[in-house]
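Dropping entry.txt in here (compact mmCIF, C-alpha atoms):
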```txt
# COMPACT_ATOMS: atom_id res chain seq x y z
CA MET A 1 53.01 54.59 182.54
CA LEU A 2 49.55 56.12 182.24
CA LYS A 3 47.14 54.67 179.66
CA LEU A 4 43.52 55.09 178.71
CA VAL A 5 41.88 51.63 178.82
CA LYS A 6 38.35 50.26 178.59
CA ASN A 7 36.86 48.18 181.38
CA HIS A 8 34.56 45.17 180.95
CA THR A 9 31.54 47.41 180.23
CA GLY A 10 33.40 49.33 177.53
CA CYS A 11 33.82 52.55 179.49
CA CYS A 12 37.16 54.31 179.64
CA ARG A 13 39.38 54.97 182.62
CA TRP A 14 42.93 56.14 183.13
CA VAL A 15 45.17 53.41 184.51
CA TYR A 16 48.68 53.74 185.90
CA ARG A 17 50.69 50.61 185.25
CA GLY A 18 53.80 50.20 187.29
CA VAL A 19 54.91 50.03 190.88
CA PHE A 20 53.10 52.42 193.15
CA ALA A 21 54.19 53.05 196.70
CA ALA A 22 52.55 55.67 198.85
CA GLY A 23 55.04 57.66 200.89
CA ASN A 24 52.35 58.99 203.19
CA ARG A 25 51.57 56.93 206.29
CA ALA A 26 47.87 57.64 205.89
CA PHE A 27 47.91 55.41 202.81
CA PRO A 28 49.30 51.89 203.01
CA ALA A 29 51.73 50.82 200.30
CA VAL A 30 49.94 49.43 197.27
CA SER A 31 51.40 46.19 196.02
CA ARG A 32 49.19 46.00 192.95
CA ARG A 33 50.80 46.80 189.64
CA GLU A 34 47.71 48.56 188.31
CA LEU A 35 45.98 51.60 189.80
CA ALA A 36 42.84 53.06 188.23
CA ILE A 37 42.85 56.84 188.15
CA PHE A 38 39.67 58.68 187.26
CA THR A 39 40.15 62.12 185.78
CA ALA A 40 38.23 64.92 184.16
CA PRO A 41 37.49 64.56 180.44
CA GLN A 42 40.53 66.68 179.50
CA PRO A 43 43.56 64.65 178.43
CA LEU A 44 46.67 64.76 180.53
CA LYS A 45 49.71 66.46 179.05
CA GLY A 46 51.12 64.32 176.27
CA LEU A 47 48.04 62.10 175.91
CA GLN A 48 45.95 62.56 172.78
CA THR A 49 42.78 60.65 173.65
CA LYS A 50 39.94 62.22 175.58
CA ILE A 51 37.59 60.21 177.78
CA SER A 52 34.65 62.05 176.24
CA SER A 53 35.50 60.47 172.89
CA CYS A 54 34.71 56.99 174.22
CA SER A 55 31.44 56.04 172.55
CA PRO A 56 30.10 53.82 175.41
CA CYS A 57 30.79 56.64 177.90
CA GLU A 58 29.08 59.15 175.60
CA THR A 59 26.09 56.82 175.19
CA LEU A 60 25.79 56.48 178.97
CA ARG A 61 26.06 60.25 179.40
CA ARG A 62 23.30 60.80 176.80
CA SER A 63 20.99 58.19 178.35
CA ARG A 64 21.35 59.77 181.80
CA SER A 65 20.57 63.23 180.47
CA SER A 66 17.56 61.96 178.50
CA GLN A 67 16.36 60.13 181.62
CA ALA A 68 16.48 63.42 183.52
CA ASP A 69 14.58 65.08 180.64
CA THR A 70 11.81 62.47 180.78
CA MET A 71 11.33 62.74 184.55
CA LYS A 72 7.82 63.95 185.31
CA ILE A 73 8.07 67.33 187.01
CA ALA A 74 5.33 69.12 188.92
CA THR A 75 5.30 72.91 188.88
CA TYR A 76 4.65 75.38 191.68
CA GLU A 77 1.31 76.27 190.09
CA GLU A 78 0.26 72.62 190.00
CA VAL A 79 1.16 72.14 193.66
CA LYS A 80 -0.57 75.40 194.60
CA ASP A 81 -3.77 74.11 192.92
CA LEU A 82 -3.79 70.77 194.79
CA CYS A 83 -6.42 72.00 197.24
CA ASN A 84 -8.85 71.89 194.25
CA HIS A 85 -7.84 68.32 193.35
CA PRO A 86 -8.48 65.90 196.24
CA GLU A 87 -7.81 62.97 193.88
CA LYS A 88 -4.12 63.94 193.79
CA LEU A 89 -1.76 63.16 196.66
CA LEU A 90 1.16 65.32 197.80
CA ILE A 91 3.75 63.36 199.79
CA ASP A 92 6.55 65.17 201.64
CA VAL A 93 9.47 62.76 202.11
CA ARG A 94 11.42 64.90 204.59
CA GLU A 95 12.02 63.82 208.17
CA PRO A 96 9.42 65.05 210.73
CA LYS A 97 12.12 67.15 212.43
CA GLU A 98 12.59 69.12 209.20
CA LEU A 99 8.86 69.79 208.98
CA LEU A 100 8.86 71.18 212.52
CA GLU A 101 11.67 73.57 211.58
CA THR A 102 10.21 74.84 208.29
CA GLY A 103 6.58 73.88 207.98
CA CYS A 104 4.95 71.95 205.17
CA ILE A 105 3.02 72.56 201.99
CA PRO A 106 -0.75 72.55 202.60
CA THR A 107 -2.49 69.23 201.74
CA SER A 108 0.79 67.27 202.02
CA ILE A 109 1.21 64.12 204.06
CA ASN A 110 4.57 63.19 205.53
CA ILE A 111 6.19 59.85 204.76
CA PRO A 112 9.96 59.97 205.36
CA LEU A 113 11.93 58.62 202.41
CA GLU A 114 13.34 55.70 204.39
CA ARG A 115 9.79 54.49 205.16
CA LEU A 116 8.25 55.21 201.75
CA GLU A 117 8.77 51.87 200.01
CA ARG A 118 7.40 49.89 202.94
CA ALA A 119 4.47 52.31 203.31
CA LEU A 120 3.44 52.12 199.65
CA ALA A 121 4.02 48.39 199.24
CA ASN A 122 3.04 46.79 202.53
CA THR A 123 0.71 49.06 204.52
CA LYS A 124 -3.01 48.29 204.49
CA PRO A 125 -5.24 51.22 203.44
CA ARG A 126 -6.82 51.58 206.90
CA ASP A 127 -3.42 51.54 208.61
CA PHE A 128 -1.96 53.92 206.00
CA LYS A 129 -4.58 56.58 206.81
CA GLY A 130 -3.95 56.10 210.53
CA TYR A 131 -0.15 56.34 210.21
CA PHE A 132 0.16 59.07 207.63
CA GLY A 133 -3.13 61.01 207.73
CA GLY A 134 -4.13 60.48 204.13
CA PRO A 135 -5.54 57.85 201.82
CA LYS A 136 -3.27 55.10 200.54
CA PRO A 137 -2.66 55.72 196.86
CA GLU A 138 -3.69 53.24 194.21
CA PRO A 139 -1.30 52.51 191.32
CA GLU A 140 -3.19 55.01 189.11
CA THR A 141 -3.39 57.77 191.75
CA PRO A 142 -1.56 60.96 190.74
CA ILE A 143 1.19 61.51 193.34
CA ILE A 144 3.53 64.48 193.68
CA PHE A 145 6.63 64.05 195.84
CA THR A 146 8.28 66.96 197.60
CA CYS A 147 11.20 67.42 199.99
CA CYS A 148 13.56 70.33 200.67
CA SER A 149 15.28 70.75 197.31
CA GLY A 150 13.87 68.01 195.03
CA GLU A 151 16.63 65.39 195.38
CA ARG A 152 14.87 63.09 197.82
CA ALA A 153 11.62 63.67 195.93
CA ALA A 154 13.31 62.33 192.78
CA LYS A 155 14.41 59.22 194.70
CA ALA A 156 10.86 58.83 196.03
CA MET A 157 9.50 59.07 192.50
CA ASP A 158 11.87 56.30 191.41
CA ILE A 159 10.67 54.11 194.29
CA ALA A 160 7.02 54.74 193.42
CA ASP A 161 7.66 54.08 189.75
CA ARG A 162 9.40 50.79 190.60
CA LEU A 163 6.34 49.81 192.70
CA GLY A 164 3.99 50.46 189.77
CA PHE A 165 2.79 54.01 190.52
CA LYS A 166 2.99 55.43 187.00
CA ASN A 167 1.46 58.86 187.74
CA ALA A 168 4.20 60.00 190.12
CA LYS A 169 5.83 63.41 189.73
CA ASN A 170 8.70 65.24 191.39
CA TYR A 171 8.11 68.79 192.62
CA LYS A 172 11.66 69.72 191.71
CA GLY A 173 11.60 73.10 193.46
CA SER A 174 10.12 71.51 196.59
CA TRP A 175 10.10 73.42 199.88
CA THR A 176 12.84 75.82 198.75
CA GLU A 177 10.78 77.11 195.81
CA TRP A 178 7.52 76.97 197.77
CA ALA A 179 8.94 79.05 200.62
CA GLU A 180 10.40 81.59 198.20
CA LYS A 181 7.15 82.03 196.23
CA GLU A 182 4.99 82.08 199.36
CA GLY A 183 7.24 84.58 201.17
CA LEU A 184 8.23 82.11 203.91
CA PRO A 185 11.68 81.81 205.50
CA ALA A 186 14.14 79.74 203.45
CA PRO A 187 15.29 76.41 204.88
CA LYS A 188 18.52 76.48 206.86
```
Starting from the file, give its structure as structure tokens.
Amino acid sequence: MLKLVKNHTGCCRWVYRGVFAAGNRAFPAVSRRELAIFTAPQPLKGLQTKISSCSPCETLRRSRSSQADTMKIATYEEVKDLCNHPEKLLIDVREPKELLETGCIPTSINIPLERLERALANTKPRDFKGYFGGPKPEPETPIIFTCCSGERAAKAMDIADRLGFKNAKNYKGSWTEWAEKEGLPAPK
């Protein structure tokens, strides 16, 4: 029997209650009597309730979309003008290998995403300049993060925000947009 139930946080999920045995050898037999099945928001045939009608799920969906709307985004024009603003810092969070393949945006310094938190939190200013080739940002320093497509830059912005850097922005277009507008080869 398939039912729509709420979990401990109030969100909905489809649950199959009954004996479930997988006939395929790739999946071991399941001895549990309950199996959670996640589906698209459309109801299955014969079921009247939609997942999208669950108010906690709808609230979560709205909060995630509003969070994306409030993310600080840098534009191509703003990044292009960074050479006139030495007080701003452009940090490329791609791996060095990627930079060798594509190039980098002028004025950017490279701090791979996996090293970013440690670099911003624990590196002394003198060592930071030696390791990364630019000044260590202060909590009020305007920082723009870039990567290949903007996803890692968004993660970098979250890290910086968590560490107290409140003037961080994500260059959402990142290298893909930069290369297109500058007439450079697109990343592979």
| message | I'd like to know which of A:Leu100, A:Ile73, A:Val93, A:Leu163 is closest to Glu114 of chain A, using only C-alpha atoms. | response | A:Val93
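By all atoms listed in the file, and with residues fewer than 6 positions from Lys155 of chain A along its chain excluded, the set lying at most 10 Å from it is Val93, Leu113, Phe145, Asp161 and Asn170 of chain A.
Atom CA of Gly173 of chain A sits 15.4 Å away from atom CA of Pro106 of chain A.
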| What does the distance between atom CA of Ala121 of chain A and atom CA of Ile143 of chain A come to in Å, to one decimal place? | 14.7 Å
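A straight line drawn from atom CA of Lys172 of chain A to atom CA of Ile144 of chain A is 9.9 Å long.
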| field | Distance criterion (only C-alpha atoms): nearest to Ile159 of chain A out of A:Glu117, A:Glu87, A:Glu182, A:Glu138 | value | A:Glu117
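Using all atoms listed in the file, the smallest distance between any of A:Glu140, A:Asp92, A:Glu180, A:Glu151 and Gly164 of chain A comes from A:Glu140.
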